[in-house]
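**Q** Handing you this structure, nothing more for now.
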Amino acid sequence: MIDLHTHHERCGHATGSLRDYVTAALDKGVKVLGLSDHTPMFAEEADHALPPVAMPKSEFPSYVAEALALKEEFARSIEILVSTEADFFRGRMDPYSRELAGYPLDYVIGSVHMFEGRDIFDTTRWETVEGGEDGLAAVKGRYFRAVAECARSGLFQVMGHVDALKGNHPRLGTVPAPAAADEMLRAIRDAGAVMEVNTSGGTKMHGGWYPEHDLLERAHHFGVPLTFASDAHVPERVCDQYPDVVRVLHDIGFRTWTVFRRGVPRTVPLA
């Protein structure tokens, strides 16, 4: 079992310490665990620009140090990977590149949480979308292209919850946007990145996983590697629904996960 996407109390909207997530992973028999809390808002002047969203910039060194200490402490029991999840902001990523280059991270998750001026989970965005399903498809397509741009930036090894825009719009998941979806998947593959199967959709109105089943099938067609992500914000959710995900992916034709050591990908069996 693996899980490359977890959070903890420093980010301001999760509970539990890093050690709590390691303990939960050990209890579940996890072999590879990624500690990957949200980066600070490195592009902002303030030390703690968004307290409910991410840790202060001044806290990031102690976060990495604690994760590295746990990695060493538990080396004989579990492989701990030290990571972080960074938001993608077009034209504002240089501070992230500079800051993250100074740490011995195993990988960085790239996610699009802010889209067209709003948080992706803001339900009010849908009040102004016109054109029925065509209008929804257009918005979804633009989001997929934003994720594609995130992948092309070359800053990330893992692309996070690639269709999470549907999180608080239950119908959006089934709205087709095939051309944009294929562009996104090719961009992820061509960037040498991987796509996560993220089981945190159940914490939102939509339920289910990110991405939808049809995107998983398209990912297999385009040869996009996958990794597993609970996106746990409470320790109890580590590896949530892992056996179900393995079963579905095996039926599609996947046989391996991808994990990283200091940015270098390696595959492990889908089990």
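In the structure tokens, chains take letters A, B, ... by order of appearance, with residues numbered from 1 within each chain and ligands from 1 in the order shown.
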Can you list every residue of range 168-247 of chain A that has an atom at most 12 Å from range 34-50 of chain A, with its nearest atom pair and the distance in Å to one decimal, using only C-alpha atoms, ordered by chain then number, as JSON lines?
**A**
```
{"residue": "A:Thr227", "atom": "CA", "partner": "A:Gly34", "partner_atom": "CA", "distance": 11.0}
{"residue": "A:Phe228", "atom": "CA", "partner": "A:Gly34", "partner_atom": "CA", "distance": 10.0}
{"residue": "A:Ala229", "atom": "CA", "partner": "A:Gly34", "partner_atom": "CA", "distance": 8.9}
{"residue": "A:Ser230", "atom": "CA", "partner": "A:Gly34", "partner_atom": "CA", "distance": 10.3}
{"residue": "A:Asp231", "atom": "CA", "partner": "A:Ser36", "partner_atom": "CA", "distance": 8.9}
{"residue": "A:Ala232", "atom": "CA", "partner": "A:Asp37", "partner_atom": "CA", "distance": 9.9}
{"residue": "A:His233", "atom": "CA", "partner": "A:Asp37", "partner_atom": "CA", "distance": 9.3}
{"residue": "A:Pro235", "atom": "CA", "partner": "A:Leu35", "partner_atom": "CA", "distance": 11.5}
{"residue": "A:Val238", "atom": "CA", "partner": "A:Gly34", "partner_atom": "CA", "distance": 10.3}
{"residue": "A:Cys239", "atom": "CA", "partner": "A:Gly34", "partner_atom": "CA", "distance": 11.0}
```
**Q** Could you save those same residues with C-alpha atoms as a PDB file, in the first residue's frame?
**A**
```
ATOM      1  CA  THR A 227      -0.047   7.259  -7.992  1.00  0.00           C
ATOM      2  CA  PHE A 228      -2.410   6.944  -5.028  1.00  0.00           C
ATOM      3  CA  ALA A 229      -3.548   9.885  -2.915  1.00  0.00           C
ATOM      4  CA  SER A 230      -5.955   9.865  -0.012  1.00  0.00           C
ATOM      5  CA  ASP A 231      -5.465  13.642   0.392  1.00  0.00           C
ATOM      6  CA  ALA A 232      -6.105  12.903   4.062  1.00  0.00           C
ATOM      7  CA  HIS A 233      -6.782  15.883   6.305  1.00  0.00           C
ATOM      8  CA  PRO A 235      -5.160  10.635  10.098  1.00  0.00           C
ATOM      9  CA  VAL A 238      -4.810   7.527   5.217  1.00  0.00           C
ATOM     10  CA  CYS A 239      -5.167   5.049   2.308  1.00  0.00           C
TER      11      CYS A 239
END
```
**Q** Give me, as number ranges by chain, all polymer residues having an atom no more than 8 Å from Val224 in chain A, counting only C-alpha atoms and skipping those fewer than 2 positions away in the same chain.
**A** A: 185-186, 188-189, 194-195, 219-222, 226
**Q** Just write the chosen residues, N, CA, C and O atoms, as a short mmCIF file (atom, residue, chain, number, x, y, z; two decimals), in the first residue's frame.
**A**
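Written file, out_28.cif:
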```
data_model
loop_
_atom_site.label_atom_id
_atom_site.label_comp_id
_atom_site.auth_asym_id
_atom_site.auth_seq_id
_atom_site.Cartn_x
_atom_site.Cartn_y
_atom_site.Cartn_z
N LEU A 185 -4.12 15.24 -20.28
CA LEU A 185 -3.45 13.96 -20.05
C LEU A 185 -2.14 13.88 -20.83
O LEU A 185 -1.13 13.41 -20.30
N ARG A 186 -2.15 14.34 -22.06
CA ARG A 186 -0.90 14.34 -22.84
C ARG A 186 0.14 15.26 -22.21
O ARG A 186 1.34 14.95 -22.19
N ILE A 188 0.47 15.99 -19.00
CA ILE A 188 1.00 15.32 -17.82
C ILE A 188 2.03 14.27 -18.24
O ILE A 188 3.15 14.22 -17.70
N ARG A 189 1.67 13.45 -19.20
CA ARG A 189 2.59 12.41 -19.68
C ARG A 189 3.86 13.01 -20.25
O ARG A 189 4.97 12.59 -19.91
N VAL A 194 3.14 12.41 -13.11
CA VAL A 194 2.14 11.36 -12.92
C VAL A 194 0.85 12.01 -12.43
O VAL A 194 0.85 13.13 -11.90
N MET A 195 -0.24 11.31 -12.59
CA MET A 195 -1.55 11.77 -12.12
C MET A 195 -1.94 10.96 -10.89
O MET A 195 -1.77 9.74 -10.87
N ALA A 219 -6.44 7.98 -19.37
CA ALA A 219 -5.06 8.00 -18.89
C ALA A 219 -4.33 6.72 -19.28
O ALA A 219 -3.16 6.75 -19.69
N HIS A 220 -5.02 5.60 -19.17
CA HIS A 220 -4.41 4.33 -19.58
C HIS A 220 -4.11 4.34 -21.07
O HIS A 220 -3.04 3.90 -21.52
N HIS A 221 -5.03 4.86 -21.86
CA HIS A 221 -4.86 4.94 -23.31
C HIS A 221 -3.62 5.78 -23.67
O HIS A 221 -2.84 5.41 -24.56
N PHE A 222 -3.43 6.89 -22.98
CA PHE A 222 -2.32 7.79 -23.29
C PHE A 222 -1.02 7.44 -22.56
O PHE A 222 -0.01 8.10 -22.75
N LEU A 226 0.24 6.60 -12.82
CA LEU A 226 -0.62 6.98 -11.70
C LEU A 226 0.08 6.79 -10.37
O LEU A 226 0.99 5.98 -10.24
#
```
**Q** Step one, run DSSP on the backbone; step two, keep only residues of range 147-261 of chain A assigned to alpha helix (DSSP H); then write them as a ChimeraX atom specification.
**A** /A:147-152,178-190,213-222,242-252
**Q** Within 12 Å of Glu85 in chain A, counting only C-alpha atoms, which residues qualify if same-chain residues fewer than 5 places away don't, as a PyMOL selection string?
**A** chain A and resi 4-8+11+34-41+53-55+96+100+105-113+155-161+229+231
**Q** I'd like the interatomic distance between CA of Val264 in chain A and CA of Met114 in chain A, to a tenth of an Å.
**A** 28.3 Å
**Q** Tell me which protein, DNA and RNA residues are within 10 Å of Ala138 in chain A, counting only C-alpha atoms, leaving out same-chain ones fewer than 5 positions away, and put them as an MDAnalysis selection string.
**A** chainID A and resid 129 131 133 143:144 175:177 180
**Q** Can those selected residues be exported to a file as a PDB file, in the first residue's frame so that it contains C-alpha atoms?
**A**
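Contents of the output file out_10.pdb:
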```pdb
ATOM      1  CA  VAL A 129     -22.589  29.885 -15.742  1.00  0.00           C
ATOM      2  CA  GLY A 131     -25.612  27.759 -21.594  1.00  0.00           C
ATOM      3  CA  GLU A 133     -24.346  21.601 -20.330  1.00  0.00           C
ATOM      4  CA  TYR A 143      -9.991  24.039 -15.980  1.00  0.00           C
ATOM      5  CA  PHE A 144      -8.409  21.024 -17.667  1.00  0.00           C
ATOM      6  CA  VAL A 175     -20.227  16.599 -18.379  1.00  0.00           C
ATOM      7  CA  PRO A 176     -17.932  15.667 -21.288  1.00  0.00           C
ATOM      8  CA  ALA A 177     -14.938  17.802 -22.272  1.00  0.00           C
ATOM      9  CA  ALA A 180      -9.433  19.396 -23.173  1.00  0.00           C
TER      10      ALA A 180
END
```
**Q** Check the DSSP output for the backbone and give back, as a PyMOL selection string, the residues of range 17-189 of chain A in strand (DSSP E or B).
**A** chain A and resi 32-35+38+79-87+107-111+114-115+118-119+158-159
**Q** Hey, can you spit out that residue selection with C-alpha atoms as a CSV table (one decimal), in the first residue's frame?
**A**
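Result file part-v1.csv:
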```csv
chain,number,residue,atom,x,y,z
A,32,VAL,CA,5.3,4.1,1.3
A,33,LEU,CA,3.9,7.3,2.8
A,34,GLY,CA,4.2,10.8,1.5
A,35,LEU,CA,4.1,13.7,3.9
A,38,HIS,CA,0.4,22.7,1.6
A,79,GLU,CA,9.4,4.4,3.7
A,80,ILE,CA,8.5,8.0,4.3
A,81,LEU,CA,8.7,10.5,1.4
A,82,VAL,CA,9.1,14.2,2.1
A,83,SER,CA,7.0,16.4,-0.1
A,84,THR,CA,4.6,19.3,-0.3
A,85,GLU,CA,1.6,20.4,-2.3
A,86,ALA,CA,2.0,23.7,-4.2
A,87,ASP,CA,-0.7,25.7,-5.8
A,107,TYR,CA,8.5,15.2,-5.1
A,108,VAL,CA,6.1,18.2,-5.3
A,109,ILE,CA,2.4,17.9,-6.0
A,110,GLY,CA,1.0,20.6,-8.3
A,111,SER,CA,-2.6,21.5,-7.9
A,114,MET,CA,-7.7,28.9,-7.6
A,115,PHE,CA,-9.3,29.1,-11.0
A,118,ARG,CA,-12.2,31.8,-7.2
A,119,ASP,CA,-11.5,28.8,-5.1
A,158,VAL,CA,2.6,14.7,-9.3
A,159,MET,CA,-0.6,16.4,-10.6
```
**Q** Under the rule of at most 12 Å, produce a per-residue listing of range 145-182 of chain A near range 122-128 of chain A: chain, number, name, the closest pair of atoms, and the distance in Å, as JSON lines, using only C-alpha atoms.
**A**
```
{"residue": "A:Ala164", "atom": "CA", "partner": "A:Asp122", "partner_atom": "CA", "distance": 11.5}
{"residue": "A:Leu165", "atom": "CA", "partner": "A:Asp122", "partner_atom": "CA", "distance": 9.2}
{"residue": "A:Lys166", "atom": "CA", "partner": "A:Thr123", "partner_atom": "CA", "distance": 10.0}
{"residue": "A:Gly167", "atom": "CA", "partner": "A:Thr123", "partner_atom": "CA", "distance": 9.3}
{"residue": "A:Asn168", "atom": "CA", "partner": "A:Thr123", "partner_atom": "CA", "distance": 6.2}
{"residue": "A:His169", "atom": "CA", "partner": "A:Thr123", "partner_atom": "CA", "distance": 7.3}
{"residue": "A:Pro170", "atom": "CA", "partner": "A:Thr123", "partner_atom": "CA", "distance": 10.8}
{"residue": "A:Arg171", "atom": "CA", "partner": "A:Trp126", "partner_atom": "CA", "distance": 11.2}
{"residue": "A:Leu172", "atom": "CA", "partner": "A:Trp126", "partner_atom": "CA", "distance": 10.3}
```
**Q** Near Val248 in chain A, within 12 Å and counting only C-alpha atoms, which residues show up once chain neighbours fewer than 6 positions away are dropped, as a list in words?
**A**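 Residues meeting the cut-off are Val197, Trp209, Glu212, His213, Asp214, Leu216, Glu217, Gln241, Tyr242, Phe254, Arg255, Leu270 and Ala271 of chain A.
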**Q** Could you save those same residues with N, CA, C and O atoms as a PDB file, in the first residue's frame?
**A**
```
ATOM      1  N   VAL A 197      -4.637   9.321  -8.251  1.00  0.00           N
ATOM      2  CA  VAL A 197      -6.030   8.917  -8.019  1.00  0.00           C
ATOM      3  C   VAL A 197      -6.325   9.316  -6.584  1.00  0.00           C
ATOM      4  O   VAL A 197      -5.771   8.744  -5.641  1.00  0.00           O
ATOM      5  N   TRP A 209     -14.240   9.816  -6.631  1.00  0.00           N
ATOM      6  CA  TRP A 209     -12.805  10.035  -6.710  1.00  0.00           C
ATOM      7  C   TRP A 209     -12.487  11.128  -7.709  1.00  0.00           C
ATOM      8  O   TRP A 209     -13.297  11.465  -8.567  1.00  0.00           O
ATOM      9  N   GLU A 212     -12.608  11.126 -12.617  1.00  0.00           N
ATOM     10  CA  GLU A 212     -13.700  10.237 -13.009  1.00  0.00           C
ATOM     11  C   GLU A 212     -13.148   8.992 -13.726  1.00  0.00           C
ATOM     12  O   GLU A 212     -12.032   8.987 -14.233  1.00  0.00           O
ATOM     13  N   HIS A 213     -14.004   7.971 -13.780  1.00  0.00           N
ATOM     14  CA  HIS A 213     -13.601   6.702 -14.398  1.00  0.00           C
ATOM     15  C   HIS A 213     -13.186   6.888 -15.858  1.00  0.00           C
ATOM     16  O   HIS A 213     -12.210   6.273 -16.314  1.00  0.00           O
ATOM     17  N   ASP A 214     -13.887   7.754 -16.588  1.00  0.00           N
ATOM     18  CA  ASP A 214     -13.537   7.914 -18.006  1.00  0.00           C
ATOM     19  C   ASP A 214     -12.160   8.537 -18.165  1.00  0.00           C
ATOM     20  O   ASP A 214     -11.418   8.204 -19.103  1.00  0.00           O
ATOM     21  N   LEU A 216      -9.685   8.019 -16.064  1.00  0.00           N
ATOM     22  CA  LEU A 216      -8.746   6.937 -15.779  1.00  0.00           C
ATOM     23  C   LEU A 216      -8.546   6.057 -17.017  1.00  0.00           C
ATOM     24  O   LEU A 216      -7.420   5.642 -17.320  1.00  0.00           O
ATOM     25  N   GLU A 217      -9.627   5.778 -17.725  1.00  0.00           N
ATOM     26  CA  GLU A 217      -9.492   4.985 -18.951  1.00  0.00           C
ATOM     27  C   GLU A 217      -8.689   5.735 -20.009  1.00  0.00           C
ATOM     28  O   GLU A 217      -7.849   5.140 -20.705  1.00  0.00           O
ATOM     29  N   GLN A 241     -10.084   3.931   0.927  1.00  0.00           N
ATOM     30  CA  GLN A 241     -10.631   3.274  -0.275  1.00  0.00           C
ATOM     31  C   GLN A 241      -9.540   2.673  -1.169  1.00  0.00           C
ATOM     32  O   GLN A 241      -9.788   2.373  -2.342  1.00  0.00           O
ATOM     33  N   TYR A 242      -8.377   2.466  -0.633  1.00  0.00           N
ATOM     34  CA  TYR A 242      -7.263   1.951  -1.424  1.00  0.00           C
ATOM     35  C   TYR A 242      -7.606   0.634  -2.139  1.00  0.00           C
ATOM     36  O   TYR A 242      -7.370   0.515  -3.351  1.00  0.00           O
ATOM     37  N   PHE A 254      -4.170  -1.092 -15.539  1.00  0.00           N
ATOM     38  CA  PHE A 254      -2.978  -0.612 -14.837  1.00  0.00           C
ATOM     39  C   PHE A 254      -2.380  -1.733 -13.996  1.00  0.00           C
ATOM     40  O   PHE A 254      -3.096  -2.552 -13.429  1.00  0.00           O
ATOM     41  N   ARG A 255      -1.055  -1.730 -13.872  1.00  0.00           N
ATOM     42  CA  ARG A 255      -0.379  -2.754 -13.080  1.00  0.00           C
ATOM     43  C   ARG A 255       0.619  -2.178 -12.079  1.00  0.00           C
ATOM     44  O   ARG A 255       1.119  -2.920 -11.231  1.00  0.00           O
ATOM     45  N   LEU A 270       0.962  -2.564  -8.339  1.00  0.00           N
ATOM     46  CA  LEU A 270      -0.392  -2.101  -8.017  1.00  0.00           C
ATOM     47  C   LEU A 270      -1.023  -3.124  -7.067  1.00  0.00           C
ATOM     48  O   LEU A 270      -1.684  -4.071  -7.499  1.00  0.00           O
ATOM     49  N   ALA A 271      -0.788  -2.936  -5.795  1.00  0.00           N
ATOM     50  CA  ALA A 271      -1.300  -3.897  -4.814  1.00  0.00           C
ATOM     51  C   ALA A 271      -1.371  -3.223  -3.455  1.00  0.00           C
ATOM     52  O   ALA A 271      -0.889  -2.115  -3.278  1.00  0.00           O
TER      53      ALA A 271
END
```
**Q** With distances taken over only C-alpha atoms, which residue among A:Asp244, A:Asp94, A:Glu236, A:Asp190 lies nearest Leu26 in chain A?
**A** A:Glu236
**Q** For range 148-153 of chain A, please output as a PyMOL selection string all residues within 6 Å (counting only C-alpha atoms; exclusion window: fewer than 2 positions along the same chain).
**A** chain A and resi 145-146+155+184+187-188+191
